[in-house]
$ cat data_31.txt   # compact mmCIF, C-alpha atoms and all ligand atoms
# COMPACT_ATOMS: atom_id res chain seq x y z
CA MET A 1349 2.61 -38.24 -12.59
CA SER A 1350 4.63 -39.68 -9.74
CA THR A 1351 7.97 -40.41 -11.35
CA ASN A 1352 10.87 -38.07 -10.96
CA PRO A 1353 8.77 -34.93 -10.42
CA GLY A 1354 11.61 -32.42 -10.07
CA SER A 1355 13.53 -33.55 -13.13
CA SER A 1356 13.48 -31.89 -16.52
CA SER A 1357 14.83 -34.97 -18.26
CA THR A 1358 11.33 -35.99 -19.37
CA ALA A 1359 10.41 -32.44 -20.39
CA SER A 1360 9.73 -33.26 -24.00
CA SER A 1361 6.67 -35.32 -23.12
CA ALA A 1362 3.41 -33.88 -21.87
CA ILE A 1363 3.39 -36.32 -18.95
CA GLY A 1364 6.85 -35.20 -17.88
CA ALA A 1365 5.81 -31.54 -18.08
CA SER A 1366 2.67 -32.24 -16.09
CA ALA A 1367 4.59 -34.00 -13.29
CA ASN A 1368 7.01 -31.11 -13.29
CA VAL A 1369 4.15 -28.58 -12.94
CA ALA A 1370 2.54 -30.58 -10.13
CA ALA A 1371 5.75 -30.76 -8.09
CA ARG A 1372 6.55 -27.07 -8.63
CA ALA A 1373 2.99 -25.99 -7.77
CA ARG A 1374 2.93 -28.05 -4.58
CA ALA A 1375 6.22 -26.54 -3.47
CA LEU A 1376 4.72 -23.03 -3.81
CA VAL A 1377 1.35 -23.52 -2.09
CA GLY A 1378 2.58 -22.24 1.30
CA GLU A 1379 4.04 -19.02 -0.10
CA ILE A 1380 1.09 -18.38 -2.40
CA THR A 1381 -1.31 -18.88 0.52
CA THR A 1382 0.63 -16.25 2.47
CA LEU A 1383 0.46 -13.87 -0.48
CA ARG A 1384 -3.28 -14.49 -0.90
CA ARG A 1385 -3.99 -13.71 2.74
CA ASP A 1386 -1.84 -10.57 2.61
CA LEU A 1387 -3.83 -9.38 -0.41
CA HIS A 1388 -7.05 -10.27 1.39
CA ALA A 1389 -6.08 -8.10 4.36
CA HIS A 1390 -5.29 -5.15 2.04
CA PRO A 1391 -8.07 -4.93 -0.55
CA GLU A 1392 -8.11 -2.07 -3.05
CA LEU A 1393 -11.03 -0.80 -5.12
CA ARG A 1394 -11.08 -0.49 -8.90
CA PHE A 1395 -8.26 1.57 -10.42
CA GLU A 1396 -6.70 1.98 -6.96
CA GLU A 1397 -4.78 -1.34 -6.97
CA GLU A 1398 -1.39 0.30 -6.28
CA ARG A 1399 -0.21 -1.90 -3.40
CA THR A 1400 -1.53 -5.03 -5.10
CA GLY A 1401 0.21 -4.12 -8.37
CA ALA A 1402 3.49 -3.41 -6.58
CA ALA A 1403 3.39 -6.80 -4.85
CA ILE A 1404 2.70 -8.54 -8.17
CA ALA A 1405 5.49 -6.67 -9.98
CA ARG A 1406 7.98 -7.59 -7.24
CA GLU A 1407 7.10 -11.28 -7.56
CA LEU A 1408 7.25 -11.31 -11.36
CA GLU A 1409 10.58 -9.47 -11.44
CA ALA A 1410 12.03 -11.87 -8.90
CA ALA A 1411 10.95 -14.73 -11.18
CA GLY A 1412 12.86 -13.13 -14.07
CA LEU A 1413 9.91 -11.92 -16.17
CA GLU A 1414 9.82 -8.72 -18.21
CA VAL A 1415 7.36 -6.52 -16.31
CA ARG A 1416 5.24 -3.53 -17.39
CA ARG A 1417 3.56 -1.55 -14.63
CA GLY A 1418 0.90 1.14 -14.76
CA VAL A 1419 -0.92 -0.53 -17.66
CA ALA A 1420 -4.53 0.75 -17.85
CA LYS A 1421 -3.64 2.87 -14.81
CA THR A 1422 -2.84 0.21 -12.19
CA GLY A 1423 -2.47 -3.01 -14.21
CA VAL A 1424 0.65 -5.16 -14.45
CA VAL A 1425 1.77 -7.32 -17.39
CA GLY A 1426 4.49 -9.94 -17.11
CA LEU A 1427 6.13 -11.50 -20.15
CA LEU A 1428 7.88 -14.85 -19.97
CA ARG A 1429 9.85 -15.68 -23.10
CA GLY A 1430 10.51 -19.38 -23.56
CA ALA A 1431 13.87 -20.75 -24.63
CA ARG A 1432 12.57 -21.48 -28.12
CA PRO A 1433 10.32 -19.43 -30.43
CA GLY A 1434 6.61 -20.26 -30.70
CA PRO A 1435 3.12 -18.86 -30.15
CA THR A 1436 2.01 -16.60 -27.30
CA VAL A 1437 -0.61 -17.50 -24.73
CA ALA A 1438 -2.02 -15.07 -22.13
CA LEU A 1439 -3.39 -15.82 -18.68
CA ARG A 1440 -5.45 -13.17 -16.88
CA ALA A 1441 -6.36 -12.31 -13.28
CA ASP A 1442 -8.38 -9.38 -11.93
CA MET A 1443 -7.09 -7.42 -8.92
CA ASP A 1444 -9.91 -5.28 -7.53
CA ALA A 1445 -11.98 -5.63 -4.37
CA LEU A 1446 -15.57 -4.57 -3.66
CA PRO A 1447 -17.06 -1.72 -1.58
CA LEU A 1448 -18.25 -3.93 1.29
CA THR A 1449 -17.31 -4.17 4.95
CA GLU A 1450 -16.03 -7.66 5.75
CA GLU A 1451 -17.77 -9.73 8.43
CA THR A 1452 -15.80 -12.99 8.32
CA GLY A 1453 -13.88 -12.44 11.56
CA LEU A 1454 -10.82 -14.03 9.95
CA PRO A 1455 -7.37 -13.29 11.36
CA TYR A 1456 -6.44 -11.92 7.92
CA ALA A 1457 -9.74 -10.07 7.35
CA SER A 1458 -9.73 -6.72 5.55
CA THR A 1459 -7.94 -3.97 7.44
CA HIS A 1460 -10.03 -1.38 5.55
CA PRO A 1461 -13.72 -0.90 6.48
CA GLY A 1462 -15.74 -0.54 3.27
CA ARG A 1463 -13.34 -2.57 1.15
CA MET A 1464 -13.31 -6.34 0.82
CA HIS A 1465 -12.13 -9.11 -1.46
CA ALA A 1466 -15.62 -10.57 -1.71
CA CYS A 1467 -15.24 -12.02 -5.20
CA GLY A 1468 -12.01 -13.96 -4.69
CA HIS A 1469 -9.84 -11.73 -6.88
CA ASP A 1470 -7.20 -12.05 -4.13
CA GLY A 1471 -7.14 -15.77 -4.95
CA HIS A 1472 -7.04 -15.08 -8.70
CA VAL A 1473 -3.99 -12.81 -8.31
CA ALA A 1474 -2.14 -15.17 -5.96
CA MET A 1475 -2.72 -18.22 -8.19
CA LEU A 1476 -1.59 -16.36 -11.30
CA VAL A 1477 1.58 -15.23 -9.51
CA GLY A 1478 2.09 -18.90 -8.57
CA THR A 1479 1.53 -19.95 -12.18
CA ALA A 1480 4.08 -17.39 -13.39
CA ARG A 1481 6.64 -18.74 -10.94
CA VAL A 1482 5.98 -22.36 -11.96
CA LEU A 1483 6.32 -21.60 -15.67
CA ALA A 1484 9.34 -19.31 -15.15
CA GLY A 1485 11.06 -22.31 -13.58
CA MET A 1486 10.38 -24.25 -16.79
CA ARG A 1487 11.50 -21.53 -19.21
CA GLY A 1488 14.07 -23.85 -20.81
CA GLU A 1489 11.27 -26.21 -21.85
CA LEU A 1490 8.95 -23.58 -23.36
CA SER A 1491 8.49 -23.00 -27.09
CA GLY A 1492 6.80 -19.61 -27.21
CA SER A 1493 5.83 -16.95 -24.69
CA VAL A 1494 3.38 -16.62 -21.82
CA LYS A 1495 1.91 -13.23 -20.90
CA PHE A 1496 0.42 -12.68 -17.46
CA PHE A 1497 -2.27 -9.99 -17.29
CA PHE A 1498 -3.14 -8.53 -13.89
CA GLN A 1499 -5.95 -6.13 -14.72
CA PRO A 1500 -7.64 -3.44 -12.64
CA ALA A 1501 -11.34 -2.75 -12.27
CA GLU A 1502 -13.24 -5.88 -13.22
CA GLU A 1503 -16.05 -4.81 -10.90
CA GLY A 1504 -17.88 -2.38 -13.15
CA GLY A 1505 -14.84 -0.41 -14.33
CA HIS A 1506 -14.28 -2.04 -17.74
CA GLY A 1507 -10.64 -2.75 -16.76
CA GLY A 1508 -10.45 -5.56 -19.34
CA LEU A 1509 -11.35 -3.12 -22.13
CA ARG A 1510 -8.78 -0.62 -20.87
CA MET A 1511 -6.12 -3.37 -20.94
CA CYS A 1512 -7.01 -4.27 -24.54
CA GLU A 1513 -6.91 -0.59 -25.52
CA ALA A 1514 -3.49 -0.29 -23.84
CA GLY A 1515 -2.21 -2.87 -26.34
CA VAL A 1516 -1.65 -5.87 -24.07
CA LEU A 1517 -2.77 -8.24 -26.82
CA GLU A 1518 0.09 -7.06 -29.09
CA ASP A 1519 3.90 -7.26 -29.01
CA PRO A 1520 4.06 -10.20 -28.97
CA ARG A 1521 0.60 -10.82 -30.37
CA VAL A 1522 -1.54 -13.06 -28.11
CA ASP A 1523 -2.83 -16.18 -29.90
CA ALA A 1524 -5.14 -17.41 -27.11
CA ILE A 1525 -6.18 -16.30 -23.64
CA PHE A 1526 -7.43 -18.13 -20.55
CA ALA A 1527 -8.67 -17.20 -17.08
CA LEU A 1528 -10.43 -18.77 -14.14
CA HIS A 1529 -13.00 -17.55 -11.65
CA ASP A 1530 -13.48 -19.07 -8.22
CA TRP A 1531 -16.93 -20.61 -7.89
CA PRO A 1532 -18.68 -21.32 -4.59
CA PHE A 1533 -21.29 -23.51 -6.31
CA LEU A 1534 -18.71 -26.23 -7.05
CA PRO A 1535 -16.83 -28.28 -4.42
CA VAL A 1536 -13.13 -27.56 -3.98
CA GLY A 1537 -11.21 -29.90 -6.29
CA ASP A 1538 -13.81 -29.56 -9.05
CA ILE A 1539 -13.54 -27.57 -12.25
CA GLY A 1540 -16.48 -26.33 -14.31
CA ILE A 1541 -16.38 -25.56 -18.01
CA ARG A 1542 -19.08 -24.04 -20.14
CA TYR A 1543 -19.02 -24.12 -23.92
CA GLY A 1544 -20.32 -20.97 -25.62
CA PRO A 1545 -22.09 -18.20 -23.67
CA MET A 1546 -21.07 -18.21 -20.02
CA MET A 1547 -21.97 -14.82 -18.56
CA ALA A 1548 -24.46 -12.16 -19.67
CA ALA A 1549 -24.08 -8.71 -21.17
CA THR A 1550 -25.14 -6.15 -18.58
CA ASP A 1551 -26.43 -2.99 -20.27
CA SER A 1552 -28.68 -0.40 -18.69
CA PHE A 1553 -31.07 2.26 -19.99
CA ALA A 1554 -32.78 5.43 -18.78
CA ILE A 1555 -35.88 6.87 -20.45
CA GLU A 1556 -37.00 10.42 -19.79
CA VAL A 1557 -40.68 10.75 -20.79
CA LEU A 1558 -41.62 14.33 -21.65
CA GLY A 1559 -45.30 15.29 -21.64
CA GLN A 1560 -47.06 18.56 -20.92
CA GLY A 1561 -48.43 18.87 -17.42
CA GLY A 1562 -51.58 20.57 -16.14
CA HIS A 1563 -54.65 20.18 -13.94
CA ALA A 1564 -55.70 16.58 -13.33
CA ALA A 1565 -59.34 17.47 -14.11
CA TYR A 1566 -58.53 18.69 -17.66
CA PRO A 1567 -56.66 15.78 -19.22
CA HIS A 1568 -57.68 16.77 -22.76
CA LYS A 1569 -55.52 19.89 -22.43
CA VAL A 1570 -52.32 18.06 -21.42
CA VAL A 1571 -49.99 15.25 -22.52
CA ASP A 1572 -49.88 12.78 -19.63
CA PRO A 1573 -46.34 11.36 -19.17
CA ILE A 1574 -47.56 8.83 -16.58
CA LEU A 1575 -49.89 7.04 -19.00
CA LEU A 1576 -47.14 7.23 -21.58
CA ALA A 1577 -44.56 5.75 -19.21
CA CYS A 1578 -46.94 2.88 -18.35
CA ARG A 1579 -47.45 2.13 -22.07
CA ILE A 1580 -43.69 2.13 -22.57
CA VAL A 1581 -43.08 -0.27 -19.65
CA GLU A 1582 -45.72 -2.58 -21.08
CA GLY A 1583 -44.27 -2.29 -24.58
CA LEU A 1584 -40.77 -3.14 -23.34
CA GLN A 1585 -42.11 -6.46 -22.06
CA SER A 1586 -42.86 -7.49 -25.66
CA ILE A 1587 -39.14 -7.42 -26.49
CA VAL A 1588 -38.40 -10.78 -24.86
CA SER A 1589 -41.66 -12.39 -26.00
CA ARG A 1590 -41.76 -11.08 -29.60
CA GLU A 1591 -38.41 -9.72 -30.74
CA VAL A 1592 -35.74 -12.08 -29.44
CA ASN A 1593 -35.19 -15.71 -30.44
CA PRO A 1594 -36.94 -17.69 -27.67
CA VAL A 1595 -33.95 -19.99 -27.16
CA ASP A 1596 -31.67 -16.96 -26.62
CA ALA A 1597 -31.96 -15.78 -22.99
CA VAL A 1598 -32.70 -12.06 -22.55
CA VAL A 1599 -34.05 -10.15 -19.54
CA VAL A 1600 -35.58 -6.66 -19.72
CA THR A 1601 -36.36 -5.18 -16.30
CA VAL A 1602 -37.56 -1.67 -15.45
CA GLY A 1603 -36.25 -1.22 -11.91
CA LYS A 1604 -37.09 2.45 -11.35
CA LEU A 1605 -40.09 4.57 -12.31
CA HIS A 1606 -40.70 8.03 -10.91
CA ALA A 1607 -43.27 10.75 -11.70
CA GLY A 1608 -45.57 13.29 -10.14
CA THR A 1609 -46.01 15.33 -6.98
CA ALA A 1610 -49.74 15.51 -6.15
CA VAL A 1611 -53.06 13.74 -6.84
CA ASN A 1612 -54.55 16.66 -8.75
CA ILE A 1613 -51.60 17.47 -11.00
CA ILE A 1614 -50.58 15.78 -14.22
CA PRO A 1615 -46.78 16.18 -14.22
CA ASN A 1616 -44.54 17.38 -17.03
CA PHE A 1617 -42.31 14.34 -17.08
CA ALA A 1618 -41.60 10.80 -15.85
CA ARG A 1619 -38.36 8.88 -15.70
CA MET A 1620 -37.61 5.17 -15.75
CA GLU A 1621 -34.42 3.12 -15.56
CA GLY A 1622 -33.77 -0.52 -16.20
CA THR A 1623 -31.32 -3.24 -17.18
CA VAL A 1624 -31.03 -5.51 -20.21
CA ARG A 1625 -29.23 -8.84 -19.73
CA SER A 1626 -28.39 -10.88 -22.80
CA MET A 1627 -26.28 -13.87 -23.79
CA SER A 1628 -25.52 -13.24 -27.45
CA VAL A 1629 -24.48 -10.37 -29.64
CA ALA A 1630 -27.68 -10.76 -31.69
CA GLY A 1631 -29.93 -10.83 -28.61
CA ARG A 1632 -28.13 -7.85 -27.14
CA GLU A 1633 -28.33 -5.71 -30.27
CA SER A 1634 -31.97 -6.43 -31.04
CA ALA A 1635 -33.07 -5.88 -27.41
CA LEU A 1636 -31.26 -2.54 -27.05
CA ALA A 1637 -32.49 -1.30 -30.43
CA ALA A 1638 -36.04 -2.29 -29.47
CA VAL A 1639 -35.89 -0.37 -26.17
CA ALA A 1640 -35.21 2.87 -28.03
CA ARG A 1641 -37.67 2.16 -30.87
CA ILE A 1642 -40.57 1.19 -28.59
CA ALA A 1643 -40.01 4.19 -26.31
CA GLU A 1644 -39.85 6.64 -29.23
CA GLY A 1645 -42.76 5.12 -31.17
CA THR A 1646 -45.01 4.99 -28.10
CA ALA A 1647 -44.20 8.60 -27.24
CA THR A 1648 -45.03 9.80 -30.75
CA ALA A 1649 -48.34 7.92 -30.72
CA HIS A 1650 -49.39 9.83 -27.60
CA ARG A 1651 -48.08 13.30 -28.55
CA GLY A 1652 -45.15 13.09 -26.14
CA ARG A 1653 -41.37 12.86 -26.49
CA VAL A 1654 -38.68 10.70 -24.96
CA LYS A 1655 -34.94 10.93 -24.40
CA VAL A 1656 -33.42 7.45 -24.35
CA GLU A 1657 -29.99 6.88 -22.89
CA ILE A 1658 -28.31 3.45 -23.19
CA THR A 1659 -25.29 2.86 -20.97
CA PRO A 1660 -23.25 -0.07 -22.29
CA GLY A 1661 -22.18 -2.64 -19.71
CA TYR A 1662 -19.95 -5.64 -20.38
CA PRO A 1663 -20.43 -7.69 -23.55
CA PRO A 1664 -21.56 -11.31 -23.11
CA THR A 1665 -18.72 -13.64 -22.12
CA VAL A 1666 -18.61 -16.27 -24.85
CA ASN A 1667 -16.09 -19.09 -24.56
CA HIS A 1668 -14.58 -20.57 -27.72
CA ASP A 1669 -15.23 -24.30 -28.19
CA ALA A 1670 -11.68 -25.33 -29.05
CA ALA A 1671 -10.34 -23.38 -26.06
CA CYS A 1672 -12.84 -25.19 -23.82
CA ASP A 1673 -11.60 -28.52 -25.20
CA LEU A 1674 -8.06 -27.54 -24.28
CA VAL A 1675 -8.98 -26.43 -20.73
CA ARG A 1676 -10.94 -29.63 -20.30
CA ALA A 1677 -7.96 -31.80 -21.24
CA ALA A 1678 -5.67 -29.82 -18.91
CA ALA A 1679 -8.19 -29.97 -16.05
CA GLU A 1680 -8.78 -33.71 -16.45
CA GLU A 1681 -5.06 -34.26 -16.11
CA VAL A 1682 -5.08 -32.37 -12.79
CA VAL A 1683 -8.29 -33.51 -11.08
CA GLY A 1684 -9.49 -36.46 -13.18
CA ALA A 1685 -12.43 -36.57 -15.59
CA ALA A 1686 -14.95 -37.26 -12.82
CA ARG A 1687 -14.27 -33.88 -11.23
CA VAL A 1688 -14.56 -31.81 -14.38
CA SER A 1689 -18.14 -30.81 -15.05
CA ILE A 1690 -19.59 -29.34 -18.20
CA LEU A 1691 -21.93 -26.63 -16.92
CA GLY A 1692 -25.40 -26.64 -18.43
CA GLU A 1693 -26.49 -23.11 -17.63
CA PRO A 1694 -24.76 -19.79 -18.07
CA SER A 1695 -24.93 -17.14 -15.35
CA MET A 1696 -26.85 -13.86 -15.84
CA GLY A 1697 -24.01 -12.05 -14.02
CA GLY A 1698 -21.37 -10.18 -16.04
CA GLU A 1699 -17.58 -10.46 -16.48
CA ASP A 1700 -15.20 -8.18 -18.36
CA PHE A 1701 -13.03 -11.09 -19.55
CA SER A 1702 -15.55 -10.79 -22.40
CA TYR A 1703 -13.50 -7.97 -23.94
CA TYR A 1704 -10.49 -10.24 -24.47
CA LEU A 1705 -12.69 -13.02 -25.87
CA GLN A 1706 -14.06 -10.57 -28.45
CA ARG A 1707 -10.51 -10.15 -29.76
CA VAL A 1708 -8.74 -13.52 -29.37
CA PRO A 1709 -9.90 -17.12 -28.89
CA GLY A 1710 -9.96 -18.36 -25.33
CA ALA A 1711 -12.01 -19.52 -22.38
CA MET A 1712 -12.74 -18.82 -18.75
CA PHE A 1713 -13.32 -21.78 -16.45
CA ARG A 1714 -14.74 -22.07 -12.94
CA LEU A 1715 -12.61 -23.24 -10.04
CA GLY A 1716 -14.56 -24.98 -7.27
CA ILE A 1717 -14.01 -23.58 -3.76
CA ALA A 1718 -16.92 -24.91 -1.67
CA ARG A 1719 -15.64 -26.34 1.62
CA GLY A 1720 -18.65 -28.53 2.30
CA ALA A 1721 -22.20 -28.44 0.95
CA VAL A 1722 -22.41 -25.86 -1.81
CA GLU A 1723 -25.67 -24.51 -0.34
CA ALA A 1724 -23.80 -23.55 2.84
CA GLU A 1725 -20.94 -21.75 1.06
CA PRO A 1726 -21.18 -17.94 1.28
CA ALA A 1727 -22.00 -16.46 -2.12
CA LEU A 1728 -19.77 -14.14 -4.14
CA HIS A 1729 -20.21 -10.44 -3.29
CA THR A 1730 -21.33 -11.06 0.30
CA THR A 1731 -19.69 -9.88 3.54
CA THR A 1732 -18.88 -13.43 4.69
CA PHE A 1733 -17.29 -14.66 1.47
CA ASN A 1734 -13.71 -15.96 1.56
CA PHE A 1735 -11.64 -17.56 -1.17
CA ASN A 1736 -10.59 -21.13 -0.29
CA ASP A 1737 -6.81 -21.66 -0.18
CA ASP A 1738 -7.32 -25.40 -0.65
CA ALA A 1739 -8.08 -24.59 -4.31
CA ILE A 1740 -4.71 -22.93 -4.95
CA GLU A 1741 -2.83 -26.00 -6.14
CA VAL A 1742 -5.58 -27.07 -8.56
CA GLY A 1743 -5.87 -23.51 -9.88
CA ILE A 1744 -2.14 -23.12 -10.53
CA ARG A 1745 -1.76 -26.56 -12.10
CA THR A 1746 -4.75 -26.09 -14.39
CA LEU A 1747 -3.64 -22.63 -15.56
CA ALA A 1748 -0.06 -23.79 -16.11
CA GLY A 1749 -1.17 -27.00 -17.81
CA THR A 1750 -3.49 -25.06 -20.12
CA ALA A 1751 -0.68 -22.69 -21.15
CA LEU A 1752 1.77 -25.57 -21.73
CA ARG A 1753 -0.72 -27.48 -23.85
CA PHE A 1754 -1.39 -24.42 -25.96
CA LEU A 1755 2.31 -23.75 -26.55
CA GLU A 1756 2.85 -27.39 -27.44
CA ALA A 1757 -0.02 -27.96 -29.84
CA GLY A 1758 -2.22 -24.85 -30.22
CA LEU A 1759 -5.99 -25.12 -29.94
CA PRO A 1760 -7.54 -28.51 -30.78
CA GLY A 1761 -8.72 -28.51 -34.38
CA GLY A 1762 -6.70 -25.44 -35.28
CA LYS A 1763 -8.37 -22.14 -34.45
CA GLY A 1764 -11.21 -21.07 -32.19
CA ASP A 1765 -14.53 -21.34 -34.00
CA ARG A 1766 -16.46 -18.36 -32.67
NI NI B 1801 -15.18 -11.69 -9.84
$ encode --input "data_31.txt" --output "structure tokens" --more "lines below"
Ligand code: NI
Amino acid sequence: MSTNPGSSSTASSAIGASANVAARARALVGEITTLRRDLHAHPELRFEEERTGAAIARELEAAGLEVRRGVAKTGVVGLLRGARPGPTVALRADMDALPLTEETGLPYASTHPGRMHACGHDGHVAMLVGTARVLAGMRGELSGSVKFFFQPAEEGGHGGLRMCEAGVLEDPRVDAIFALHDWPFLPVGDIGIRYGPMMAATDSFAIEVLGQGGHAAYPHKVVDPILLACRIVEGLQSIVSREVNPVDAVVVTVGKLHAGTAVNIIPNFARMEGTVRSMSVAGRESALAAVARIAEGTATAHRGRVKVEITPGYPPTVNHDAACDLVRAAAEEVVGAARVSILGEPSMGGEDFSYYLQRVPGAMFRLGIARGAVEAEPALHTTTFNFNDDAIEVGIRTLAGTALRFLEAGLPGGKGDR
């Protein structure tokens, strides 16, 4: 990786391409750091990423990409066509910030109270811009196309779904997709990969329990929604223990339960709300179906009625094995095998990269950003979080290397297997 880094004379070999990527990425780190900090100072909430999108579009146009703006409201898509025909690979970053007031005291801290890049999406955007610039400089060596997705509204806005519905996976059709997420639980310089389920589905439910109220001293003349609600809460706890495969992680939590106004009145209704977290399509479907069935059956048994409302969250994020193999090979080339870890446990958080993975093979990997001990690193979604610019070079090189490997040889073993 040290010979002749700026030359394209060794472009036909993977080693030559990798040295080329490394040199180009290193040359950009200063500018990409500046961009990242500018984005950090000007965070925008979901579907409001106008300034962010404009900055991205300017960069991509300057690099010679074909650019579409206003995709899924505020998203930006860049298309880099290689010199020779071939497959199409997509790389994705999310652009939105969170409704938090920053408390880092950084010189480039958020200039907007109540808005903060507390999940590192500023870093994701900056690194993907850097990756686009690196690969644009190697256009003559590419067989195929690279699409760069900058999506709005990852934080609860289903921006990934809106991008898919806007047709970003077509014209040219995307054959594989990759993304990274910064990860404070891994040291900077490390990369984490998880085969299979990586993040949970995040659905929620509300159950309105309808009884028939009356005097507390004449329970035989009423239908008590409080007793009914308690039976339903209890019944819901049998979903995980008796309806879902025990090796398939599911959580059912009732987080809100409200009823009644006075000690001597049986109320007319009760209301509960909760969340269902699941890791597989099967676990998700059976848990959500059971919520409705148990609520309705329990209500009927006690002469009451229920109205069940399920609000779909993100699907589970499930990486494809062959895509993980490819990321792993690309990452090992950048940081060495010792610094690539295969993560044992998924996270019960959610991620809307799941929508792309439902449609095309691909994988999301974790980019380490911890500055020292991982226990001391501020967590994602907190007011003291800050992306680590020391991870920029590794992020760009791994994304670019992944795309190059895919264009060169496709996914190991042919197609994704999920
Ligand atoms: Ni995030």
$ closest_atom_pairs --input "data_31.txt" --of "chain A" --to "ligand NI 1801 (chain B)" --cutoff "10 Å" --atoms "only C-alpha atoms and all ligand atoms" --output "JSON lines"
{"residue": "A:Ala1441", "atom": "CA", "partner": "B:NI1801", "partner_atom": "NI", "distance": 9.5}
{"residue": "A:Asp1442", "atom": "CA", "partner": "B:NI1801", "partner_atom": "NI", "distance": 7.5}
{"residue": "A:Met1443", "atom": "CA", "partner": "B:NI1801", "partner_atom": "NI", "distance": 9.2}
{"residue": "A:Asp1444", "atom": "CA", "partner": "B:NI1801", "partner_atom": "NI", "distance": 8.6}
{"residue": "A:Ala1445", "atom": "CA", "partner": "B:NI1801", "partner_atom": "NI", "distance": 8.8}
{"residue": "A:Leu1446", "atom": "CA", "partner": "B:NI1801", "partner_atom": "NI", "distance": 9.4}
{"residue": "A:His1465", "atom": "CA", "partner": "B:NI1801", "partner_atom": "NI", "distance": 9.3}
{"residue": "A:Ala1466", "atom": "CA", "partner": "B:NI1801", "partner_atom": "NI", "distance": 8.2}
{"residue": "A:Cys1467", "atom": "CA", "partner": "B:NI1801", "partner_atom": "NI", "distance": 4.7}
{"residue": "A:Gly1468", "atom": "CA", "partner": "B:NI1801", "partner_atom": "NI", "distance": 6.5}
{"residue": "A:His1469", "atom": "CA", "partner": "B:NI1801", "partner_atom": "NI", "distance": 6.1}
{"residue": "A:Asp1470", "atom": "CA", "partner": "B:NI1801", "partner_atom": "NI", "distance": 9.8}
{"residue": "A:His1472", "atom": "CA", "partner": "B:NI1801", "partner_atom": "NI", "distance": 8.9}
{"residue": "A:Glu1502", "atom": "CA", "partner": "B:NI1801", "partner_atom": "NI", "distance": 7.0}
{"residue": "A:Glu1503", "atom": "CA", "partner": "B:NI1801", "partner_atom": "NI", "distance": 7.0}
{"residue": "A:Leu1528", "atom": "CA", "partner": "B:NI1801", "partner_atom": "NI", "distance": 9.5}
{"residue": "A:His1529", "atom": "CA", "partner": "B:NI1801", "partner_atom": "NI", "distance": 6.5}
{"residue": "A:Asp1530", "atom": "CA", "partner": "B:NI1801", "partner_atom": "NI", "distance": 7.7}
{"residue": "A:Trp1531", "atom": "CA", "partner": "B:NI1801", "partner_atom": "NI", "distance": 9.3}
{"residue": "A:Gly1697", "atom": "CA", "partner": "B:NI1801", "partner_atom": "NI", "distance": 9.8}
{"residue": "A:Gly1698", "atom": "CA", "partner": "B:NI1801", "partner_atom": "NI", "distance": 8.9}
{"residue": "A:Glu1699", "atom": "CA", "partner": "B:NI1801", "partner_atom": "NI", "distance": 7.2}
{"residue": "A:Asp1700", "atom": "CA", "partner": "B:NI1801", "partner_atom": "NI", "distance": 9.2}
{"residue": "A:Phe1701", "atom": "CA", "partner": "B:NI1801", "partner_atom": "NI", "distance": 10.0}
{"residue": "A:Leu1728", "atom": "CA", "partner": "B:NI1801", "partner_atom": "NI", "distance": 7.7}
{"residue": "A:His1729", "atom": "CA", "partner": "B:NI1801", "partner_atom": "NI", "distance": 8.4}
$ closest_residue --input "data_31.txt" --among "A:Phe1496, A:Tyr1543, A:Phe1733, A:Phe1617" --to "Val1666 of chain A" --atoms "all atoms listed in the file"
A:Tyr1543
$ closest_atom_pairs --input "data_31.txt" --of "segment 1630-1651 of chain A" --to "segment 1566-1574 of chain A" --cutoff "9 Å" --atoms "all atoms listed in the file" --output "JSON lines"
{"residue": "A:Ala1647", "atom": "CA", "partner": "A:Pro1573", "partner_atom": "CA", "distance": 8.8}
{"residue": "A:His1650", "atom": "CA", "partner": "A:Val1571", "partner_atom": "CA", "distance": 7.5}
{"residue": "A:Arg1651", "atom": "CA", "partner": "A:Val1571", "partner_atom": "CA", "distance": 6.6}
$ closest_residue --input "data_31.txt" --among "A:Val1675, A:Ala1457, A:Ile1740, A:Val1581" --to "Leu1376 of chain A" --atoms "all atoms listed in the file"
A:Ile1740
$ residues_around --input "data_31.txt" --residues "segment 1521-1524 of chain A" --least-positions-apart "4" --cutoff "7 Å" --atoms "all atoms listed in the file" --output "number ranges by chain"
A: 1435-1438, 1517, 1708-1710
$ atom_distance --input "data_31.txt" --atom1 "atom CA of Asp1538 of chain A" --atom2 "atom CA of Thr1750 of chain A"
15.8 Å
$ atom_distance --input "data_31.txt" --atom1 "atom CA of Ser1491 of chain A" --atom2 "atom CA of Gly1434 of chain A"
4.9 Å
$ residues_near_point --input "data_31.txt" --point "(-14.6, -25.0, -15.7)" --cutoff "9 Å" --atoms "only C-alpha atoms" --output "VMD selection string"
chain A and resid 1528 to 1529 1538 to 1542 1672 1675 to 1676 1679 1688 to 1691 1712 to 1716
$ residues_near_point --input "data_31.txt" --point "(-34.9, 4.8, -15.5)" --cutoff "8 Å" --atoms "only C-alpha atoms" --output "PyMOL selection string"
chain A and resi 1553-1556+1602-1605+1619-1622
$ closest_residue --input "data_31.txt" --among "A:Ala1643, A:Gly1608, A:Met1486, A:Glu1582" --to "Gly1749 of chain A" --atoms "only C-alpha atoms"
A:Met1486
$ closest_residue --input "data_31.txt" --among "A:Cys1512, A:Leu1439, A:Ile1380, A:Met1475" --to "Val1419 of chain A" --atoms "only C-alpha atoms"
A:Cys1512
$ atom_distance --input "data_31.txt" --atom1 "atom CA of Arg1384 of chain A" --atom2 "atom CA of Ala1721 of chain A"
23.6 Å
$ closest_residue --input "data_31.txt" --among "A:Ala1724, A:Ala1405, A:Met1627, A:Ala1607" --to "Ser1702 of chain A" --atoms "all atoms listed in the file"
A:Met1627
